[in-house]
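Participant: Have a look at the structure that comes next, please.
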Amino acid sequence: MKLKYPPCGALCEICKDFKRKKCEGCVETKGKPWFLKRFTKFDVCPIYECATNKKVSKCIDCKEFPCKKFLEWYNPRIGFFKSSLARVGSLFLRKKVGTKKWKEILVEYEGSEKRWE
């Protein structure tokens, strides 16, 4: 299965590092965004790897979601990111409104150019 967007609920094109060409994106690098080796012990994002192994395009399509791996990756005491809530919400939104509308909403509310100035 070829992914078009990261399975975790992220939208790379609204990320400041993607916009600044510091990161090529999760899908484009096959789960190896620039920050992974710098801030974690992983060669490949465990969420990306899990989704591709299970052949799901987004984590919410997996019958085990939200699994321990997902929740721990987004647990600030254990993993790299601040919280799983934003990603879980993003995945539920994508499932409810569809990928096209999900993308529009994220770009509108989180991808504002003013946010990165």
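Numbering starts fresh at 1 for the residues of each chain in the structure tokens, the chains themselves are lettered A, B, ... in the order given, and ligands are numbered from 1 as they appear.
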Out of chain A, which residues get helix (DSSP H, G or I) from DSSP, as a VMD selection string?
Facilitator: chain A and resid 12 to 14 16 to 19 35 to 39 46 to 54 59 to 61 68 to 73 85 to 97 99 to 110 113 to 116
Participant: Write out as number ranges by chain the residues lying within 9 Å of segment 94-100 of chain A, counting only C-alpha atoms and excluding same-chain residues fewer than 5 positions away.
Facilitator: A: 9, 60-61, 89, 105
Participant: I'd like the interatomic distance between atom CA of Tyr48 of chain A and atom CA of Cys15 of chain A, to a tenth of an Å.
Facilitator: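 So the two atoms, atom CA of Tyr48 of chain A and atom CA of Cys15 of chain A, lie 17.2 Å apart.
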Participant: Write out as an mmCIF file with N, CA and C atoms, in the first residue's frame the residues lying within 7 Å of segment 20-31 of chain A, counting only C-alpha atoms and excluding same-chain residues fewer than 6 positions away.
Facilitator:
data_model
loop_
_atom_site.group_PDB
_atom_site.id
_atom_site.type_symbol
_atom_site.label_atom_id
_atom_site.label_comp_id
_atom_site.auth_asym_id
_atom_site.auth_seq_id
_atom_site.Cartn_x
_atom_site.Cartn_y
_atom_site.Cartn_z
ATOM 1 N N LEU A 3 1.241 5.050 0.780
ATOM 2 C CA LEU A 3 0.621 6.089 1.590
ATOM 3 C C LEU A 3 0.716 7.439 0.897
ATOM 4 N N LYS A 4 -0.326 8.247 1.057
ATOM 5 C CA LYS A 4 -0.311 9.608 0.538
ATOM 6 C C LYS A 4 -0.050 10.604 1.665
ATOM 7 N N TYR A 5 -0.503 10.268 2.872
ATOM 8 C CA TYR A 5 -0.324 11.105 4.056
ATOM 9 C C TYR A 5 0.196 10.226 5.188
ATOM 10 N N PRO A 6 0.875 10.810 6.173
ATOM 11 C CA PRO A 6 1.339 10.015 7.303
ATOM 12 C C PRO A 6 0.158 9.331 8.004
ATOM 13 N N CYS A 12 2.006 16.861 6.708
ATOM 14 C CA CYS A 12 3.345 17.438 6.597
ATOM 15 C C CYS A 12 3.347 18.842 6.000
ATOM 16 N N VAL A 44 13.319 4.129 11.749
ATOM 17 C CA VAL A 44 12.052 4.354 11.046
ATOM 18 C C VAL A 44 11.000 4.648 12.106
ATOM 19 N N CYS A 45 10.131 5.586 11.821
ATOM 20 C CA CYS A 45 9.058 5.911 12.753
ATOM 21 C C CYS A 45 8.243 4.647 13.044
ATOM 22 N N TYR A 48 4.692 4.785 11.456
ATOM 23 C CA TYR A 48 4.735 4.576 10.006
ATOM 24 C C TYR A 48 4.987 3.099 9.688
ATOM 25 N N GLU A 49 5.959 2.523 10.357
ATOM 26 C CA GLU A 49 6.323 1.123 10.128
ATOM 27 C C GLU A 49 5.153 0.186 10.448
#
Participant: Would you compute the distance between atom CA of Arg87 of chain A and atom CA of Asp17 of chain A? Give it in Å to one decimal.
Facilitator: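 The value is 17.8 Å.
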Participant: Do you have the atom CA of Lys103 of chain A-atom CA of Arg38 of chain A distance handy?
Facilitator: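 We find that atom CA of Lys103 of chain A and atom CA of Arg38 of chain A lie 28.1 Å from each other.
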Participant: So, with only C-alpha atoms as the atoms that count, which of A:Lys32, A:Ser84, A:Ile14, A:Thr52 lies closest to Glu108 of chain A?
Facilitator: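 That would be A:Ile14, the residue with the smallest distance to Glu108 of chain A.
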